[in-house]
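Engineer: So here's model10.cif, just mmCIF, N, CA and C atoms and all ligand atoms:
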data_data
#
loop_
_atom_site.label_atom_id
_atom_site.label_comp_id
_atom_site.auth_asym_id
_atom_site.auth_seq_id
_atom_site.Cartn_x
_atom_site.Cartn_y
_atom_site.Cartn_z
N MET R 648 -12.20 -62.42 -11.47
CA MET R 648 -10.87 -62.59 -10.92
C MET R 648 -9.90 -62.60 -12.10
N ALA R 649 -8.80 -61.90 -11.91
CA ALA R 649 -7.79 -61.83 -12.96
C ALA R 649 -6.46 -62.33 -12.41
N LEU R 650 -5.75 -63.06 -13.23
CA LEU R 650 -4.39 -63.48 -12.88
C LEU R 650 -3.46 -62.66 -13.75
N VAL R 651 -2.66 -61.81 -13.10
CA VAL R 651 -1.71 -60.95 -13.81
C VAL R 651 -0.32 -61.31 -13.31
N VAL R 652 0.56 -61.67 -14.24
CA VAL R 652 1.93 -62.01 -13.90
C VAL R 652 2.86 -61.01 -14.58
N LYS R 653 3.64 -60.32 -13.78
CA LYS R 653 4.56 -59.29 -14.28
C LYS R 653 3.83 -58.30 -15.18
N GLY R 654 2.62 -57.91 -14.76
CA GLY R 654 1.84 -56.91 -15.47
C GLY R 654 1.04 -57.43 -16.64
N ARG R 655 1.21 -58.69 -16.99
CA ARG R 655 0.55 -59.25 -18.16
C ARG R 655 -0.60 -60.17 -17.74
N LEU R 656 -1.76 -59.99 -18.39
CA LEU R 656 -2.93 -60.80 -18.09
C LEU R 656 -2.73 -62.25 -18.53
N GLN R 657 -2.95 -63.17 -17.60
CA GLN R 657 -2.78 -64.60 -17.89
C GLN R 657 -4.12 -65.34 -17.91
N ALA R 658 -5.04 -64.91 -17.04
CA ALA R 658 -6.34 -65.58 -16.97
C ALA R 658 -7.37 -64.60 -16.42
N LEU R 659 -8.62 -64.83 -16.79
CA LEU R 659 -9.70 -63.95 -16.38
C LEU R 659 -10.95 -64.81 -16.16
N VAL R 660 -11.57 -64.66 -14.98
CA VAL R 660 -12.76 -65.45 -14.65
C VAL R 660 -13.83 -64.52 -14.10
N PHE R 661 -15.04 -64.62 -14.61
CA PHE R 661 -16.17 -63.86 -14.10
C PHE R 661 -17.19 -64.83 -13.53
N ILE R 662 -17.67 -64.54 -12.35
CA ILE R 662 -18.72 -65.34 -11.72
C ILE R 662 -19.83 -64.38 -11.31
N SER R 663 -21.05 -64.67 -11.72
CA SER R 663 -22.15 -63.76 -11.42
C SER R 663 -23.44 -64.56 -11.25
N GLN R 664 -24.30 -64.04 -10.39
CA GLN R 664 -25.61 -64.67 -10.22
C GLN R 664 -26.54 -64.34 -11.37
N LYS R 665 -26.26 -63.20 -12.05
CA LYS R 665 -27.11 -62.76 -13.16
C LYS R 665 -26.32 -62.87 -14.46
N PRO R 666 -27.01 -63.12 -15.56
CA PRO R 666 -26.32 -63.15 -16.86
C PRO R 666 -25.68 -61.80 -17.15
N GLN R 667 -24.49 -61.81 -17.69
CA GLN R 667 -23.76 -60.60 -18.01
C GLN R 667 -23.38 -60.63 -19.49
N SER R 668 -23.29 -59.45 -20.07
CA SER R 668 -22.77 -59.39 -21.44
C SER R 668 -21.47 -58.61 -21.40
N PHE R 669 -20.47 -59.14 -22.07
CA PHE R 669 -19.16 -58.53 -22.08
C PHE R 669 -18.73 -58.25 -23.52
N ASP R 670 -17.86 -57.28 -23.67
CA ASP R 670 -17.23 -57.02 -24.96
C ASP R 670 -16.11 -58.04 -25.10
N LYS R 671 -16.45 -59.19 -25.67
CA LYS R 671 -15.51 -60.31 -25.73
C LYS R 671 -14.24 -59.96 -26.50
N ALA R 672 -14.38 -59.21 -27.60
CA ALA R 672 -13.21 -58.85 -28.40
C ALA R 672 -12.25 -57.99 -27.58
N TRP R 673 -12.82 -57.05 -26.80
CA TRP R 673 -11.97 -56.20 -25.96
C TRP R 673 -11.26 -57.04 -24.89
N LEU R 674 -12.01 -57.92 -24.24
CA LEU R 674 -11.40 -58.76 -23.21
C LEU R 674 -10.28 -59.62 -23.80
N GLU R 675 -10.52 -60.19 -24.97
CA GLU R 675 -9.48 -61.02 -25.61
C GLU R 675 -8.25 -60.20 -25.95
N SER R 676 -8.46 -58.93 -26.34
CA SER R 676 -7.33 -58.09 -26.72
C SER R 676 -6.41 -57.80 -25.53
N LEU R 677 -6.95 -57.88 -24.32
CA LEU R 677 -6.15 -57.60 -23.13
C LEU R 677 -5.02 -58.60 -22.95
N PHE R 678 -5.22 -59.81 -23.46
CA PHE R 678 -4.19 -60.85 -23.30
C PHE R 678 -2.94 -60.54 -24.13
N SER R 679 -3.08 -59.66 -25.13
CA SER R 679 -1.91 -59.35 -25.96
C SER R 679 -1.17 -58.11 -25.48
N LEU R 680 -1.71 -57.41 -24.47
CA LEU R 680 -1.02 -56.22 -23.96
C LEU R 680 0.20 -56.62 -23.14
N PRO R 681 1.32 -55.93 -23.31
CA PRO R 681 2.52 -56.26 -22.52
C PRO R 681 2.34 -55.96 -21.04
N GLU R 682 1.49 -54.97 -20.73
CA GLU R 682 1.26 -54.63 -19.33
C GLU R 682 -0.11 -53.95 -19.20
N LEU R 683 -0.84 -54.27 -18.14
CA LEU R 683 -2.14 -53.65 -17.91
C LEU R 683 -1.97 -52.42 -17.02
N SER R 684 -2.49 -51.29 -17.47
CA SER R 684 -2.47 -50.08 -16.64
C SER R 684 -3.50 -50.26 -15.52
N ARG R 685 -3.46 -49.37 -14.53
CA ARG R 685 -4.41 -49.46 -13.43
C ARG R 685 -5.85 -49.35 -13.95
N SER R 686 -6.09 -48.39 -14.83
CA SER R 686 -7.47 -48.21 -15.32
C SER R 686 -7.94 -49.42 -16.11
N VAL R 687 -7.04 -50.02 -16.90
CA VAL R 687 -7.42 -51.21 -17.67
C VAL R 687 -7.69 -52.37 -16.71
N ARG R 688 -6.89 -52.48 -15.65
CA ARG R 688 -7.13 -53.55 -14.66
C ARG R 688 -8.51 -53.42 -14.04
N LEU R 689 -8.88 -52.18 -13.68
CA LEU R 689 -10.20 -51.97 -13.08
C LEU R 689 -11.30 -52.31 -14.07
N ASN R 690 -11.12 -51.88 -15.33
CA ASN R 690 -12.11 -52.23 -16.35
C ASN R 690 -12.19 -53.73 -16.51
N CYS R 691 -11.03 -54.35 -16.52
CA CYS R 691 -10.95 -55.80 -16.70
C CYS R 691 -11.70 -56.52 -15.58
N LEU R 692 -11.48 -56.12 -14.35
CA LEU R 692 -12.13 -56.76 -13.22
C LEU R 692 -13.64 -56.57 -13.24
N SER R 693 -14.07 -55.43 -13.73
CA SER R 693 -15.51 -55.17 -13.77
C SER R 693 -16.15 -55.70 -15.04
N GLY R 694 -15.34 -56.06 -16.04
CA GLY R 694 -15.88 -56.57 -17.30
C GLY R 694 -16.37 -55.47 -18.21
N ARG R 695 -16.05 -54.22 -17.88
CA ARG R 695 -16.51 -53.08 -18.69
C ARG R 695 -15.42 -52.65 -19.63
N SER R 696 -15.77 -52.48 -20.89
CA SER R 696 -14.80 -51.99 -21.86
C SER R 696 -14.70 -50.48 -21.72
N PRO R 697 -13.62 -49.87 -22.23
CA PRO R 697 -13.50 -48.41 -22.15
C PRO R 697 -14.68 -47.70 -22.79
N GLY R 698 -15.32 -48.29 -23.80
CA GLY R 698 -16.50 -47.68 -24.42
C GLY R 698 -17.65 -47.54 -23.45
N ASP R 699 -17.71 -48.46 -22.48
CA ASP R 699 -18.77 -48.38 -21.48
C ASP R 699 -18.57 -47.20 -20.54
N GLU R 700 -17.33 -46.69 -20.49
CA GLU R 700 -17.01 -45.61 -19.56
C GLU R 700 -17.63 -44.29 -19.97
N ALA R 701 -18.02 -44.17 -21.23
CA ALA R 701 -18.53 -42.89 -21.72
C ALA R 701 -19.66 -42.36 -20.85
N GLN R 702 -20.49 -43.25 -20.34
CA GLN R 702 -21.63 -42.81 -19.55
C GLN R 702 -21.33 -42.72 -18.06
N THR R 703 -20.55 -43.64 -17.53
CA THR R 703 -20.37 -43.68 -16.08
C THR R 703 -18.96 -43.29 -15.63
N GLY R 704 -18.07 -43.03 -16.58
CA GLY R 704 -16.71 -42.66 -16.23
C GLY R 704 -15.86 -43.87 -15.91
N PRO R 705 -14.55 -43.63 -15.70
CA PRO R 705 -13.65 -44.75 -15.38
C PRO R 705 -14.09 -45.47 -14.11
N VAL R 706 -13.86 -46.75 -14.07
CA VAL R 706 -14.28 -47.56 -12.92
C VAL R 706 -13.51 -47.13 -11.67
N VAL R 707 -14.23 -46.85 -10.61
CA VAL R 707 -13.62 -46.56 -9.31
C VAL R 707 -13.77 -47.79 -8.42
N CYS R 708 -14.97 -48.34 -8.38
CA CYS R 708 -15.24 -49.50 -7.54
C CYS R 708 -15.43 -50.73 -8.44
N ALA R 709 -14.40 -51.56 -8.48
CA ALA R 709 -14.46 -52.76 -9.32
C ALA R 709 -15.42 -53.80 -8.76
N CYS R 710 -15.59 -53.81 -7.44
CA CYS R 710 -16.49 -54.81 -6.84
C CYS R 710 -17.91 -54.66 -7.36
N PHE R 711 -18.36 -53.41 -7.53
CA PHE R 711 -19.74 -53.17 -7.94
C PHE R 711 -19.84 -52.44 -9.26
N ASN R 712 -18.69 -52.32 -9.96
CA ASN R 712 -18.71 -51.74 -11.29
C ASN R 712 -19.29 -50.32 -11.29
N VAL R 713 -18.81 -49.50 -10.38
CA VAL R 713 -19.30 -48.13 -10.25
C VAL R 713 -18.25 -47.17 -10.79
N GLY R 714 -18.68 -46.31 -11.71
CA GLY R 714 -17.76 -45.38 -12.35
C GLY R 714 -17.67 -44.05 -11.64
N GLN R 715 -16.61 -43.33 -12.00
CA GLN R 715 -16.32 -42.02 -11.39
C GLN R 715 -17.48 -41.04 -11.61
N ALA R 716 -18.01 -40.98 -12.82
CA ALA R 716 -19.09 -40.03 -13.11
C ALA R 716 -20.33 -40.35 -12.29
N SER R 717 -20.60 -41.64 -12.11
CA SER R 717 -21.76 -42.04 -11.31
C SER R 717 -21.60 -41.59 -9.86
N ILE R 718 -20.40 -41.73 -9.33
CA ILE R 718 -20.14 -41.33 -7.94
C ILE R 718 -20.25 -39.82 -7.80
N CYS R 719 -19.63 -39.07 -8.73
CA CYS R 719 -19.68 -37.60 -8.65
C CYS R 719 -21.11 -37.10 -8.80
N GLN R 720 -21.85 -37.74 -9.68
CA GLN R 720 -23.26 -37.35 -9.87
C GLN R 720 -24.05 -37.58 -8.58
N ALA R 721 -23.82 -38.71 -7.93
CA ALA R 721 -24.52 -39.00 -6.67
C ALA R 721 -24.12 -37.99 -5.60
N ILE R 722 -22.83 -37.64 -5.54
CA ILE R 722 -22.36 -36.68 -4.53
C ILE R 722 -23.04 -35.33 -4.71
N THR R 723 -23.08 -34.85 -5.94
CA THR R 723 -23.64 -33.51 -6.17
C THR R 723 -25.17 -33.51 -6.08
N GLN R 724 -25.79 -34.49 -6.69
CA GLN R 724 -27.26 -34.47 -6.73
C GLN R 724 -27.89 -34.76 -5.37
N GLN R 725 -27.22 -35.62 -4.59
CA GLN R 725 -27.81 -36.00 -3.30
C GLN R 725 -27.08 -35.38 -2.12
N LYS R 726 -26.15 -34.47 -2.46
CA LYS R 726 -25.41 -33.73 -1.43
C LYS R 726 -24.77 -34.68 -0.40
N LEU R 727 -24.03 -35.65 -0.90
CA LEU R 727 -23.38 -36.62 -0.02
C LEU R 727 -22.08 -36.02 0.51
N SER R 728 -21.76 -36.32 1.76
CA SER R 728 -20.57 -35.71 2.35
C SER R 728 -19.56 -36.71 2.90
N ASP R 729 -19.86 -38.00 2.92
CA ASP R 729 -18.85 -38.97 3.34
C ASP R 729 -19.00 -40.28 2.55
N TYR R 730 -17.96 -41.08 2.61
CA TYR R 730 -17.92 -42.28 1.76
C TYR R 730 -18.99 -43.31 2.14
N GLN R 731 -19.43 -43.30 3.42
CA GLN R 731 -20.49 -44.22 3.80
C GLN R 731 -21.80 -43.88 3.08
N GLN R 732 -22.06 -42.59 2.95
CA GLN R 732 -23.27 -42.16 2.23
C GLN R 732 -23.17 -42.55 0.76
N VAL R 733 -21.97 -42.37 0.19
CA VAL R 733 -21.75 -42.76 -1.21
C VAL R 733 -22.02 -44.26 -1.36
N GLY R 734 -21.57 -45.04 -0.39
CA GLY R 734 -21.79 -46.49 -0.42
C GLY R 734 -23.26 -46.86 -0.37
N LYS R 735 -24.01 -46.14 0.46
CA LYS R 735 -25.44 -46.44 0.57
C LYS R 735 -26.16 -46.16 -0.75
N VAL R 736 -25.73 -45.10 -1.44
CA VAL R 736 -26.41 -44.71 -2.68
C VAL R 736 -25.93 -45.53 -3.88
N THR R 737 -24.61 -45.75 -3.98
CA THR R 737 -24.07 -46.38 -5.20
C THR R 737 -23.55 -47.80 -4.96
N ARG R 738 -23.37 -48.20 -3.74
CA ARG R 738 -22.75 -49.46 -3.31
C ARG R 738 -21.22 -49.39 -3.38
N ALA R 739 -20.66 -48.36 -3.99
CA ALA R 739 -19.20 -48.23 -4.10
C ALA R 739 -18.58 -48.19 -2.70
N GLY R 740 -17.55 -48.97 -2.51
CA GLY R 740 -16.83 -48.96 -1.24
C GLY R 740 -17.42 -49.85 -0.17
N THR R 741 -18.45 -50.61 -0.50
CA THR R 741 -19.13 -51.40 0.54
C THR R 741 -18.75 -52.88 0.54
N ASN R 742 -17.73 -53.22 -0.23
CA ASN R 742 -17.30 -54.63 -0.21
C ASN R 742 -15.86 -54.71 0.31
N CYS R 743 -14.88 -54.73 -0.56
CA CYS R 743 -13.49 -54.88 -0.12
C CYS R 743 -12.93 -53.59 0.48
N GLY R 744 -13.47 -52.47 0.05
CA GLY R 744 -13.04 -51.17 0.60
C GLY R 744 -11.81 -50.57 -0.05
N SER R 745 -11.25 -51.23 -1.03
CA SER R 745 -10.02 -50.70 -1.63
C SER R 745 -10.25 -49.41 -2.41
N CYS R 746 -11.49 -49.12 -2.75
CA CYS R 746 -11.80 -47.89 -3.50
C CYS R 746 -12.14 -46.72 -2.59
N ILE R 747 -12.20 -46.94 -1.30
CA ILE R 747 -12.60 -45.87 -0.37
C ILE R 747 -11.69 -44.64 -0.47
N PRO R 748 -10.36 -44.79 -0.55
CA PRO R 748 -9.52 -43.58 -0.69
C PRO R 748 -9.88 -42.78 -1.95
N GLU R 749 -10.18 -43.47 -3.03
CA GLU R 749 -10.55 -42.77 -4.26
C GLU R 749 -11.91 -42.08 -4.10
N ILE R 750 -12.83 -42.72 -3.40
CA ILE R 750 -14.14 -42.10 -3.14
C ILE R 750 -13.96 -40.84 -2.29
N LYS R 751 -13.09 -40.93 -1.28
CA LYS R 751 -12.81 -39.76 -0.43
C LYS R 751 -12.22 -38.63 -1.26
N ALA R 752 -11.33 -38.97 -2.18
CA ALA R 752 -10.73 -37.95 -3.05
C ALA R 752 -11.79 -37.30 -3.93
N LEU R 753 -12.73 -38.11 -4.45
CA LEU R 753 -13.81 -37.55 -5.27
C LEU R 753 -14.71 -36.65 -4.43
N LEU R 754 -14.96 -37.03 -3.18
CA LEU R 754 -15.75 -36.17 -2.28
C LEU R 754 -15.06 -34.83 -2.09
N ALA R 755 -13.73 -34.87 -1.87
CA ALA R 755 -12.99 -33.63 -1.67
C ALA R 755 -12.98 -32.78 -2.94
N GLN R 756 -12.76 -33.40 -4.09
CA GLN R 756 -12.76 -32.67 -5.37
C GLN R 756 -14.11 -32.03 -5.64
N THR R 757 -15.15 -32.79 -5.41
CA THR R 757 -16.49 -32.29 -5.68
C THR R 757 -16.86 -31.17 -4.73
N ALA R 758 -16.45 -31.29 -3.46
CA ALA R 758 -16.73 -30.23 -2.48
C ALA R 758 -16.06 -28.93 -2.90
N LYS R 759 -14.82 -29.03 -3.44
CA LYS R 759 -14.10 -27.83 -3.89
C LYS R 759 -14.80 -27.18 -5.07
N ALA R 760 -15.35 -28.01 -5.94
CA ALA R 760 -15.99 -27.50 -7.15
C ALA R 760 -17.33 -26.84 -6.87
N LEU R 761 -17.95 -27.15 -5.73
CA LEU R 761 -19.28 -26.57 -5.42
C LEU R 761 -19.17 -25.18 -4.83
S1 LIG U 1 -13.41 -51.94 -5.15
FE1 LIG U 1 -14.97 -50.83 -4.17
S2 LIG U 1 -15.61 -52.09 -2.57
FE2 LIG U 1 -14.13 -53.26 -3.60
#
Render the structure in this file as structure tokens.

Structural biologist:
Amino acid sequence: MALVVKGRLQALVFISQKPQSFDKAWLESLFSLPELSRSVRLNCLSGRSPGDEAQTGPVVCACFNVGQASICQAITQQKLSDYQQVGKVTRAGTNCGSCIPEIKALLAQTAKAL
């Protein structure tokens, strides 16, 4: 959970059933930014630093820490055609649902590319 006031990070809390490792220096640096961009907010909520994105892409689903590349890979490799299928495979979109429009956009983009 993040508390952002006028775009600036004020507090950050992570609660997990499993031990997690975070890039503490990166998280601390966020408190000095004058404003958090959307992508930084998603990274912040998932606890993933931008360096972690190299493999899975920018975070799309903050609830389950699922990146864009992971979703696109699942769509192409498993021939997924709707967001419910993406959710079953990656868990993206199966909690709060705020990432579903982005998942639908990735489905449309990937369908065009095939
Ligand atoms: S952000 Fe994807 S389900 Fe909440």

Engineer: Residues contacting ligand LIG 1 (chain U) - anything with an atom at most 8 Å away, using only C-alpha atoms and all ligand atoms - can you give me those as a list of chain:residue names?

Structural biologist: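 Listed by chain and ascending number, the contacts are R:Val707, R:Cys708, R:Ala709, R:Cys710, R:Phe711, R:Val713, R:Arg738, R:Ala739, R:Gly740, R:Thr741, R:Asn742, R:Cys743, R:Gly744, R:Ser745, R:Cys746, R:Ile747.
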
Engineer: Go ahead and write the selection's residues with N, CA and C atoms as a PDB file, in the frame of the given file.

Structural biologist:
ATOM      1  N   VAL R 707     -14.230 -46.850 -10.610  1.00  0.00           N
ATOM      2  CA  VAL R 707     -13.620 -46.560  -9.310  1.00  0.00           C
ATOM      3  C   VAL R 707     -13.770 -47.790  -8.420  1.00  0.00           C
ATOM      4  N   CYS R 708     -14.970 -48.340  -8.380  1.00  0.00           N
ATOM      5  CA  CYS R 708     -15.240 -49.500  -7.540  1.00  0.00           C
ATOM      6  C   CYS R 708     -15.430 -50.730  -8.440  1.00  0.00           C
ATOM      7  N   ALA R 709     -14.400 -51.560  -8.480  1.00  0.00           N
ATOM      8  CA  ALA R 709     -14.460 -52.760  -9.320  1.00  0.00           C
ATOM      9  C   ALA R 709     -15.420 -53.800  -8.760  1.00  0.00           C
ATOM     10  N   CYS R 710     -15.590 -53.810  -7.440  1.00  0.00           N
ATOM     11  CA  CYS R 710     -16.490 -54.810  -6.840  1.00  0.00           C
ATOM     12  C   CYS R 710     -17.910 -54.660  -7.360  1.00  0.00           C
ATOM     13  N   PHE R 711     -18.360 -53.410  -7.530  1.00  0.00           N
ATOM     14  CA  PHE R 711     -19.740 -53.170  -7.940  1.00  0.00           C
ATOM     15  C   PHE R 711     -19.840 -52.440  -9.260  1.00  0.00           C
ATOM     16  N   VAL R 713     -18.810 -49.500 -10.380  1.00  0.00           N
ATOM     17  CA  VAL R 713     -19.300 -48.130 -10.250  1.00  0.00           C
ATOM     18  C   VAL R 713     -18.250 -47.170 -10.790  1.00  0.00           C
ATOM     19  N   ARG R 738     -23.370 -48.200  -3.740  1.00  0.00           N
ATOM     20  CA  ARG R 738     -22.750 -49.460  -3.310  1.00  0.00           C
ATOM     21  C   ARG R 738     -21.220 -49.390  -3.380  1.00  0.00           C
ATOM     22  N   ALA R 739     -20.660 -48.360  -3.990  1.00  0.00           N
ATOM     23  CA  ALA R 739     -19.200 -48.230  -4.100  1.00  0.00           C
ATOM     24  C   ALA R 739     -18.580 -48.190  -2.700  1.00  0.00           C
ATOM     25  N   GLY R 740     -17.550 -48.970  -2.510  1.00  0.00           N
ATOM     26  CA  GLY R 740     -16.830 -48.960  -1.240  1.00  0.00           C
ATOM     27  C   GLY R 740     -17.420 -49.850  -0.170  1.00  0.00           C
ATOM     28  N   THR R 741     -18.450 -50.610  -0.500  1.00  0.00           N
ATOM     29  CA  THR R 741     -19.130 -51.400   0.540  1.00  0.00           C
ATOM     30  C   THR R 741     -18.750 -52.880   0.540  1.00  0.00           C
ATOM     31  N   ASN R 742     -17.730 -53.220  -0.230  1.00  0.00           N
ATOM     32  CA  ASN R 742     -17.300 -54.630  -0.210  1.00  0.00           C
ATOM     33  C   ASN R 742     -15.860 -54.710   0.310  1.00  0.00           C
ATOM     34  N   CYS R 743     -14.880 -54.730  -0.560  1.00  0.00           N
ATOM     35  CA  CYS R 743     -13.490 -54.880  -0.120  1.00  0.00           C
ATOM     36  C   CYS R 743     -12.930 -53.590   0.480  1.00  0.00           C
ATOM     37  N   GLY R 744     -13.470 -52.470   0.050  1.00  0.00           N
ATOM     38  CA  GLY R 744     -13.040 -51.170   0.600  1.00  0.00           C
ATOM     39  C   GLY R 744     -11.810 -50.570  -0.050  1.00  0.00           C
ATOM     40  N   SER R 745     -11.250 -51.230  -1.030  1.00  0.00           N
ATOM     41  CA  SER R 745     -10.020 -50.700  -1.630  1.00  0.00           C
ATOM     42  C   SER R 745     -10.250 -49.410  -2.410  1.00  0.00           C
ATOM     43  N   CYS R 746     -11.490 -49.120  -2.750  1.00  0.00           N
ATOM     44  CA  CYS R 746     -11.800 -47.890  -3.500  1.00  0.00           C
ATOM     45  C   CYS R 746     -12.140 -46.720  -2.590  1.00  0.00           C
ATOM     46  N   ILE R 747     -12.200 -46.940  -1.300  1.00  0.00           N
ATOM     47  CA  ILE R 747     -12.600 -45.870  -0.370  1.00  0.00           C
ATOM     48  C   ILE R 747     -11.690 -44.640  -0.470  1.00  0.00           C
TER      49      ILE R 747
END

Engineer: Mind checking which residues fall within 12 Å of region 649-666 of chain R, counting only C-alpha atoms, ignoring those fewer than 3 positions away in the same chain, and posting them as a PDB file with N, CA and C atoms, keeping the file's coordinate frame?

Structural biologist:
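Writing the result to result-v4.pdb gives the following:
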ATOM      1  N   PHE R 669     -20.470 -59.140 -22.070  1.00  0.00           N
ATOM      2  CA  PHE R 669     -19.160 -58.530 -22.080  1.00  0.00           C
ATOM      3  C   PHE R 669     -18.730 -58.250 -23.520  1.00  0.00           C
ATOM      4  N   LYS R 671     -16.450 -59.190 -25.670  1.00  0.00           N
ATOM      5  CA  LYS R 671     -15.510 -60.310 -25.730  1.00  0.00           C
ATOM      6  C   LYS R 671     -14.240 -59.960 -26.500  1.00  0.00           C
ATOM      7  N   LEU R 674     -12.010 -57.920 -24.240  1.00  0.00           N
ATOM      8  CA  LEU R 674     -11.400 -58.760 -23.210  1.00  0.00           C
ATOM      9  C   LEU R 674     -10.280 -59.620 -23.800  1.00  0.00           C
ATOM     10  N   GLU R 675     -10.520 -60.190 -24.970  1.00  0.00           N
ATOM     11  CA  GLU R 675      -9.480 -61.020 -25.610  1.00  0.00           C
ATOM     12  C   GLU R 675      -8.250 -60.200 -25.950  1.00  0.00           C
ATOM     13  N   SER R 676      -8.460 -58.930 -26.340  1.00  0.00           N
ATOM     14  CA  SER R 676      -7.330 -58.090 -26.720  1.00  0.00           C
ATOM     15  C   SER R 676      -6.410 -57.800 -25.530  1.00  0.00           C
ATOM     16  N   LEU R 677      -6.950 -57.880 -24.320  1.00  0.00           N
ATOM     17  CA  LEU R 677      -6.150 -57.600 -23.130  1.00  0.00           C
ATOM     18  C   LEU R 677      -5.020 -58.600 -22.950  1.00  0.00           C
ATOM     19  N   PHE R 678      -5.220 -59.810 -23.460  1.00  0.00           N
ATOM     20  CA  PHE R 678      -4.190 -60.850 -23.300  1.00  0.00           C
ATOM     21  C   PHE R 678      -2.940 -60.540 -24.130  1.00  0.00           C
ATOM     22  N   SER R 679      -3.080 -59.660 -25.130  1.00  0.00           N
ATOM     23  CA  SER R 679      -1.910 -59.350 -25.960  1.00  0.00           C
ATOM     24  C   SER R 679      -1.170 -58.110 -25.480  1.00  0.00           C
ATOM     25  N   LEU R 680      -1.710 -57.410 -24.470  1.00  0.00           N
ATOM     26  CA  LEU R 680      -1.020 -56.220 -23.960  1.00  0.00           C
ATOM     27  C   LEU R 680       0.200 -56.620 -23.140  1.00  0.00           C
ATOM     28  N   PRO R 681       1.320 -55.930 -23.310  1.00  0.00           N
ATOM     29  CA  PRO R 681       2.520 -56.260 -22.520  1.00  0.00           C
ATOM     30  C   PRO R 681       2.340 -55.960 -21.040  1.00  0.00           C
ATOM     31  N   GLU R 682       1.490 -54.970 -20.730  1.00  0.00           N
ATOM     32  CA  GLU R 682       1.260 -54.630 -19.330  1.00  0.00           C
ATOM     33  C   GLU R 682      -0.110 -53.950 -19.200  1.00  0.00           C
ATOM     34  N   LEU R 683      -0.840 -54.270 -18.140  1.00  0.00           N
ATOM     35  CA  LEU R 683      -2.140 -53.650 -17.910  1.00  0.00           C
ATOM     36  C   LEU R 683      -1.970 -52.420 -17.020  1.00  0.00           C
ATOM     37  N   SER R 684      -2.490 -51.290 -17.470  1.00  0.00           N
ATOM     38  CA  SER R 684      -2.470 -50.080 -16.640  1.00  0.00           C
ATOM     39  C   SER R 684      -3.500 -50.260 -15.520  1.00  0.00           C
ATOM     40  N   ARG R 685      -3.460 -49.370 -14.530  1.00  0.00           N
ATOM     41  CA  ARG R 685      -4.410 -49.460 -13.430  1.00  0.00           C
ATOM     42  C   ARG R 685      -5.850 -49.350 -13.950  1.00  0.00           C
ATOM     43  N   VAL R 687      -7.040 -50.020 -16.900  1.00  0.00           N
ATOM     44  CA  VAL R 687      -7.420 -51.210 -17.670  1.00  0.00           C
ATOM     45  C   VAL R 687      -7.690 -52.370 -16.710  1.00  0.00           C
ATOM     46  N   ARG R 688      -6.890 -52.480 -15.650  1.00  0.00           N
ATOM     47  CA  ARG R 688      -7.130 -53.550 -14.660  1.00  0.00           C
ATOM     48  C   ARG R 688      -8.510 -53.420 -14.040  1.00  0.00           C
ATOM     49  N   LEU R 689      -8.880 -52.180 -13.680  1.00  0.00           N
ATOM     50  CA  LEU R 689     -10.200 -51.970 -13.080  1.00  0.00           C
ATOM     51  C   LEU R 689     -11.300 -52.310 -14.070  1.00  0.00           C
ATOM     52  N   ASN R 690     -11.120 -51.880 -15.330  1.00  0.00           N
ATOM     53  CA  ASN R 690     -12.110 -52.230 -16.350  1.00  0.00           C
ATOM     54  C   ASN R 690     -12.190 -53.730 -16.510  1.00  0.00           C
ATOM     55  N   CYS R 691     -11.030 -54.350 -16.520  1.00  0.00           N
ATOM     56  CA  CYS R 691     -10.950 -55.800 -16.700  1.00  0.00           C
ATOM     57  C   CYS R 691     -11.700 -56.520 -15.580  1.00  0.00           C
ATOM     58  N   LEU R 692     -11.480 -56.120 -14.350  1.00  0.00           N
ATOM     59  CA  LEU R 692     -12.130 -56.760 -13.220  1.00  0.00           C
ATOM     60  C   LEU R 692     -13.640 -56.570 -13.240  1.00  0.00           C
ATOM     61  N   SER R 693     -14.070 -55.430 -13.730  1.00  0.00           N
ATOM     62  CA  SER R 693     -15.510 -55.170 -13.770  1.00  0.00           C
ATOM     63  C   SER R 693     -16.150 -55.700 -15.040  1.00  0.00           C
ATOM     64  N   GLY R 694     -15.340 -56.060 -16.040  1.00  0.00           N
ATOM     65  CA  GLY R 694     -15.880 -56.570 -17.300  1.00  0.00           C
ATOM     66  C   GLY R 694     -16.370 -55.470 -18.210  1.00  0.00           C
ATOM     67  N   ARG R 695     -16.050 -54.220 -17.880  1.00  0.00           N
ATOM     68  CA  ARG R 695     -16.510 -53.080 -18.690  1.00  0.00           C
ATOM     69  C   ARG R 695     -15.420 -52.650 -19.630  1.00  0.00           C
ATOM     70  N   ALA R 709     -14.400 -51.560  -8.480  1.00  0.00           N
ATOM     71  CA  ALA R 709     -14.460 -52.760  -9.320  1.00  0.00           C
ATOM     72  C   ALA R 709     -15.420 -53.800  -8.760  1.00  0.00           C
ATOM     73  N   CYS R 710     -15.590 -53.810  -7.440  1.00  0.00           N
ATOM     74  CA  CYS R 710     -16.490 -54.810  -6.840  1.00  0.00           C
ATOM     75  C   CYS R 710     -17.910 -54.660  -7.360  1.00  0.00           C
ATOM     76  N   PHE R 711     -18.360 -53.410  -7.530  1.00  0.00           N
ATOM     77  CA  PHE R 711     -19.740 -53.170  -7.940  1.00  0.00           C
ATOM     78  C   PHE R 711     -19.840 -52.440  -9.260  1.00  0.00           C
TER      79      PHE R 711
END

Engineer: So what do you get for atom N of Tyr730 (chain R) versus atom C of Ala760 (chain R), distance-wise?

Structural biologist: 17.1 Å

Engineer: Pull the strand (DSSP E) assignments for region 706-756 of chain R out of DSSP run on the backbone, and list those residues as a VMD selection string.

Structural biologist: chain R and resid 706 to 708 713 to 714

Engineer: Under the rule that only N, CA and C atoms are counted, which of R:Ser686, R:Glu749, R:Leu754, R:Met648 is the nearest residue to Leu727 (chain R)?

Structural biologist: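 Smallest distance to Leu727 (chain R) is found for R:Leu754.
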
Engineer: Near Ile718 (chain R), within 7 Å and counting only N, CA and C atoms, which residues show up once chain neighbours fewer than 4 positions away are dropped, as a ChimeraX atom specification?

Structural biologist: /R:703,713-714,722-723,737

Engineer: Provide the CA of Ala721 (chain R) to CA of Ser668 (chain R) distance in Å, to one decimal place.

Structural biologist: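 Between CA of Ala721 (chain R) and CA of Ser668 (chain R) the gap works out to 25.2 Å.
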